[in-house]
Amino acid sequence: MTAKILDGKSISEEIKNAIKFEVGRLKGKGVTPGLAVVLVGDNPASKVYVKNKQKACENVGIYSEEYKLPESTSQEELLTIVDRLNKNSKIHGILVQLPLPKHINSDTILKAINPSKDVDGFHPYNVGMLMIGEPVFIPCTPYGVMKMVEHSGIAVEGKTAVVVGRSNIVGKPVALLLMQKNATVTICHSKTKDLAEVCKNADILIAAIGKPKMIRADMVKEGAVVIDVGINRLSDGSLVGDVDYEEVSKKAGWITPVPGGVGPMTITMLLNNTLEAARKSAEGL
Ligand code: GUN
């Protein structure tokens, strides 16, 4: 079997067109959605993400501000900036790019973002709302994964889903979302015994580990839906996912490419969340 491609790039274009239209409508009512992106230090991957986020905002008509702060920025200074953005009525969404430098406590920063501007969905309020099945802002990558599955007409209900990786950004929230769509979900991690055997049960396999090509064909059920959240840069400069694409694409039913799979969906859901934040604030006027 040769897997069908879950084409995140083209699905995200479709969703972005709808977002662009809605942004235009909101602007017609006098509200321009605004996003602030805060980057501390010069992590090369983060710089690329932040640049892509800004470009995407521009393309759909969302106003964006970028705060590029030096590695030496103190926690207090960063809190002051977050506080200012919380109070800035032009800004509806605030994104502090992770990871932050070691001397800054990420949890403290994420908790300082006004939950109604938390377009990443990382504030404990939004995490809790997702947990109880009343999501306000859903983290962009898991949200993008679910949208991609939905757009491709893949049924989730009753399926066995295996999530490899238990991060707060991807593994845990994507497991919750799959469960809310009535999948039977297993979360695996670095201490899981017989990982290959567990993965082989999956009708839907989500790889969010951060290890290049870790998911091999012998870990995948014939015909499975394989979603690769990993983006790893190899020493030769090439980008690969957590899934061995060449092998697994011969066995899976569906597969996401890297790049061009989950990545574009993540950015699109950030635009979606920023639009939603602006809409909600406009309702409150
Ligand atoms: N670093 C890696 N992914 C993300 C994300 O979705 N949001 C933020 N803020 N930082 C990240």
# chains A, B, ... in the order shown; residues from 1 in each chain; ligands from 1

call {"tool": "residues_near_ligand", "arguments": {"ligand": "ligand 1", "cutoff": "6 Å", "atoms": "only C-alpha atoms and all ligand atoms", "output": "NGL selection string"}}
result
:A and (95-99 or 120 or 140)

call {"tool": "closest_atom_pairs", "arguments": {"of": "region 8-117 of chain A", "to": "region 224-241 of chain A", "cutoff": "12 Å", "atoms": "only C-alpha atoms", "output": "JSON lines"}}
result
{"residue": "A:Gly8", "atom": "CA", "partner": "A:Ile227", "partner_atom": "CA", "distance": 10.6}
{"residue": "A:Pro44", "atom": "CA", "partner": "A:Arg233", "partner_atom": "CA", "distance": 11.0}
{"residue": "A:Ala45", "atom": "CA", "partner": "A:Arg233", "partner_atom": "CA", "distance": 9.2}
{"residue": "A:Tyr49", "atom": "CA", "partner": "A:Ile231", "partner_atom": "CA", "distance": 11.5}

call {"tool": "closest_residue", "arguments": {"among": "A:Ala56, A:Met131, A:Leu177, A:Val119", "to": "Met146 (chain A)", "atoms": "only C-alpha atoms"}}
result
A:Leu177

call {"tool": "select_by_dssp", "arguments": {"residues": "region 44-150 of chain A", "states": "helix (DSSP H, G or I)", "output": "JSON, numbers by chain"}}
result
{"A": [44, 45, 46, 47, 48, 49, 50, 51, 52, 53, 54, 55, 56, 57, 58, 59, 60, 75, 76, 77, 78, 79, 80, 81, 82, 83, 84, 85, 86, 87, 106, 107, 108, 109, 110, 111, 112, 115, 116, 117, 124, 125, 126, 127, 128, 129, 130, 131, 140, 141, 142, 143, 144, 145, 146, 147, 148, 149, 150]}

call {"tool": "residues_around", "arguments": {"residues": "Met269 (chain A)", "least_positions_apart": "6", "cutoff": "12 Å", "atoms": "only C-alpha atoms", "output": "ChimeraX atom specification"}}
result
/A:8,11-13,15-16,18-19,53,56-57,119-121,137-148,262-263,275-276

call {"tool": "residues_around", "arguments": {"residues": "Gly165 (chain A)", "least_positions_apart": "2", "cutoff": "9 Å", "atoms": "only C-alpha atoms", "output": "ChimeraX atom specification"}}
result
/A:163,167,170-172,187-190,206-210

call {"tool": "residues_around", "arguments": {"residues": "Val31 (chain A)", "least_positions_apart": "3", "cutoff": "7 Å", "atoms": "only C-alpha atoms", "output": "compact mmCIF listing (two decimals) with N, CA, C and O atoms, in the first residue's frame"}}
result
# COMPACT_ATOMS: atom_id res chain seq x y z
N LEU A 26 -14.42 41.50 10.04
CA LEU A 26 -14.21 42.10 11.35
C LEU A 26 -13.64 43.52 11.21
O LEU A 26 -14.03 44.44 11.93
N LYS A 27 -12.74 43.67 10.24
CA LYS A 27 -12.17 45.00 9.98
C LYS A 27 -13.28 45.97 9.56
O LYS A 27 -13.26 47.14 9.93
N ALA A 282 -14.46 41.91 20.41
CA ALA A 282 -15.39 42.81 19.72
C ALA A 282 -16.81 42.64 20.28
O ALA A 282 -17.56 43.61 20.40

call {"tool": "residues_around", "arguments": {"residues": "Lys51 (chain A)", "least_positions_apart": "5", "cutoff": "10 Å", "atoms": "only C-alpha atoms", "output": "JSON list (two decimals) with all heavy atoms, in the first residue's frame"}}
result
[["chain", "number", "residue", "atom", "x", "y", "z"],
["A", 37, "VAL", "N", 4.04, 38.81, 19.03],
["A", 37, "VAL", "CA", 4.90, 37.64, 19.14],
["A", 37, "VAL", "C", 6.18, 38.07, 19.85],
["A", 37, "VAL", "O", 6.82, 39.03, 19.45],
["A", 37, "VAL", "CB", 5.24, 37.05, 17.75],
["A", 37, "VAL", "CG1", 6.18, 35.87, 17.87],
["A", 37, "VAL", "CG2", 3.97, 36.63, 17.02],
["A", 46, "SER", "N", 13.51, 28.95, 16.53],
["A", 46, "SER", "CA", 12.48, 29.89, 16.99],
["A", 46, "SER", "C", 12.39, 31.10, 16.06],
["A", 46, "SER", "O", 11.31, 31.59, 15.76],
["A", 46, "SER", "CB", 12.77, 30.37, 18.40],
["A", 46, "SER", "OG", 12.60, 29.32, 19.32],
["A", 56, "ALA", "N", 2.56, 35.02, 7.88],
["A", 56, "ALA", "CA", 1.21, 34.46, 7.76],
["A", 56, "ALA", "C", 0.17, 35.49, 8.20],
["A", 56, "ALA", "O", -0.90, 35.61, 7.58],
["A", 56, "ALA", "CB", 1.10, 33.19, 8.61],
["A", 66, "GLU", "N", 6.24, 42.42, 16.61],
["A", 66, "GLU", "CA", 7.25, 41.44, 17.04],
["A", 66, "GLU", "C", 8.16, 42.08, 18.08],
["A", 66, "GLU", "O", 8.60, 43.21, 17.89],
["A", 66, "GLU", "CB", 8.05, 41.02, 15.81],
["A", 66, "GLU", "CG", 8.96, 39.86, 16.10],
["A", 66, "GLU", "CD", 9.77, 39.45, 14.87],
["A", 66, "GLU", "OE1", 9.18, 39.29, 13.80],
["A", 66, "GLU", "OE2", 10.99, 39.32, 15.01]]

call {"tool": "atom_distance", "arguments": {"atom1": "CA of Val23 (chain A)", "atom2": "CA of Ser116 (chain A)"}}
result
18.2 Å

call {"tool": "residues_around", "arguments": {"residues": "Ser89 (chain A)", "least_positions_apart": "3", "cutoff": "10 Å", "atoms": "only C-alpha atoms", "output": "list of chain:residue names"}}
result
A:Gly34, A:Arg84, A:Leu85, A:Asn86, A:His92, A:Ala278, A:Ser281

call {"tool": "write_last_selection", "arguments": {"atoms": "N, CA and C atoms", "output": "PDB file, in the first residue's frame"}}
result
ATOM      1  N   GLY A  34      -5.143  41.679  16.209  1.00  0.00           N
ATOM      2  CA  GLY A  34      -3.727  41.975  16.414  1.00  0.00           C
ATOM      3  C   GLY A  34      -3.039  40.892  17.235  1.00  0.00           C
ATOM      4  N   ARG A  84       2.201  44.828  29.693  1.00  0.00           N
ATOM      5  CA  ARG A  84       1.863  45.930  28.786  1.00  0.00           C
ATOM      6  C   ARG A  84       0.980  45.417  27.636  1.00  0.00           C
ATOM      7  N   LEU A  85       1.331  44.240  27.115  1.00  0.00           N
ATOM      8  CA  LEU A  85       0.551  43.655  26.017  1.00  0.00           C
ATOM      9  C   LEU A  85      -0.845  43.246  26.495  1.00  0.00           C
ATOM     10  N   ASN A  86      -0.929  42.764  27.742  1.00  0.00           N
ATOM     11  CA  ASN A  86      -2.246  42.422  28.308  1.00  0.00           C
ATOM     12  C   ASN A  86      -3.181  43.632  28.274  1.00  0.00           C
ATOM     13  N   HIS A  92      -4.866  41.381  20.477  1.00  0.00           N
ATOM     14  CA  HIS A  92      -5.856  40.392  20.934  1.00  0.00           C
ATOM     15  C   HIS A  92      -5.216  39.063  21.290  1.00  0.00           C
ATOM     16  N   ALA A 278     -10.001  38.191  18.776  1.00  0.00           N
ATOM     17  CA  ALA A 278     -10.453  39.524  18.369  1.00  0.00           C
ATOM     18  C   ALA A 278     -11.979  39.566  18.301  1.00  0.00           C
ATOM     19  N   SER A 281     -13.378  39.806  21.753  1.00  0.00           N
ATOM     20  CA  SER A 281     -13.200  41.119  22.374  1.00  0.00           C
ATOM     21  C   SER A 281     -14.155  42.128  21.712  1.00  0.00           C
TER      22      SER A 281
END

call {"tool": "atom_distance", "arguments": {"atom1": "CA of Asn52 (chain A)", "atom2": "CA of Gly261 (chain A)"}}
result
14.9 Å

call {"tool": "select_by_dssp", "arguments": {"residues": "region 42-234 of chain A", "states": "strand (DSSP E or B)", "output": "PyMOL selection string"}}
result
chain A and resi 63-69+93-96+160-164+184-188+204-207+215+225-228+232-233

call {"tool": "write_last_selection", "arguments": {"atoms": "C-alpha atoms", "output": "PDB file, in the first residue's frame"}}
result
ATOM      1  CA  TYR A  63      -1.866  43.174  12.477  1.00  0.00           C
ATOM      2  CA  SER A  64       1.260  41.886  14.184  1.00  0.00           C
ATOM      3  CA  GLU A  65       3.983  43.210  16.433  1.00  0.00           C
ATOM      4  CA  GLU A  66       7.247  41.441  17.035  1.00  0.00           C
ATOM      5  CA  TYR A  67       9.296  41.825  20.199  1.00  0.00           C
ATOM      6  CA  LYS A  68      12.826  40.553  19.715  1.00  0.00           C
ATOM      7  CA  LEU A  69      14.524  40.604  23.083  1.00  0.00           C
ATOM      8  CA  GLY A  93      -3.347  37.551  20.990  1.00  0.00           C
ATOM      9  CA  ILE A  94      -0.015  37.195  22.798  1.00  0.00           C
ATOM     10  CA  LEU A  95       2.484  34.477  21.921  1.00  0.00           C
ATOM     11  CA  VAL A  96       5.719  34.054  23.833  1.00  0.00           C
ATOM     12  CA  THR A 160      -7.403   3.170  18.548  1.00  0.00           C
ATOM     13  CA  ALA A 161      -5.088   6.197  18.750  1.00  0.00           C
ATOM     14  CA  VAL A 162      -1.534   6.093  20.054  1.00  0.00           C
ATOM     15  CA  VAL A 163       0.296   9.322  20.886  1.00  0.00           C
ATOM     16  CA  VAL A 164       4.068   9.066  21.256  1.00  0.00           C
ATOM     17  CA  THR A 184      -9.469   5.085  22.536  1.00  0.00           C
ATOM     18  CA  VAL A 185      -6.189   6.770  23.383  1.00  0.00           C
ATOM     19  CA  THR A 186      -2.836   5.536  24.674  1.00  0.00           C
ATOM     20  CA  ILE A 187      -0.011   7.965  25.493  1.00  0.00           C
ATOM     21  CA  CYS A 188       3.540   6.599  25.198  1.00  0.00           C
ATOM     22  CA  ILE A 204      -4.111   6.613  14.294  1.00  0.00           C
ATOM     23  CA  LEU A 205      -0.478   7.136  15.291  1.00  0.00           C
ATOM     24  CA  ILE A 206       0.761  10.560  16.378  1.00  0.00           C
ATOM     25  CA  ALA A 207       4.534  11.012  16.603  1.00  0.00           C
ATOM     26  CA  ILE A 215       9.001   5.562  13.970  1.00  0.00           C
ATOM     27  CA  VAL A 225      -3.107   7.115   9.774  1.00  0.00           C
ATOM     28  CA  VAL A 226       0.386   8.398  10.667  1.00  0.00           C
ATOM     29  CA  ILE A 227       0.805  11.990  11.767  1.00  0.00           C
ATOM     30  CA  ASP A 228       4.310  13.308  12.172  1.00  0.00           C
ATOM     31  CA  ASN A 232      14.331  17.717  13.204  1.00  0.00           C
ATOM     32  CA  ARG A 233      17.259  19.327  11.440  1.00  0.00           C
TER      33      ARG A 233
END

call {"tool": "closest_residue", "arguments": {"among": "A:Leu270, A:Ala36, A:Ile109, A:Ile154", "to": "Trp254 (chain A)", "atoms": "only C-alpha atoms"}}
result
A:Ile154

call {"tool": "closest_residue", "arguments": {"among": "A:Lys193, A:Asn114, A:Ala3, A:Gly260", "to": "Glu246 (chain A)", "atoms": "only C-alpha atoms"}}
result
A:Ala3

call {"tool": "closest_residue", "arguments": {"among": "A:Pro135, A:Lys47, A:Met179, A:Met214", "to": "Asn273 (chain A)", "atoms": "only C-alpha atoms"}}
result
A:Pro135

call {"tool": "atom_distance", "arguments": {"atom1": "CA of Leu35 (chain A)", "atom2": "CA of Leu271 (chain A)"}}
result
8.6 Å
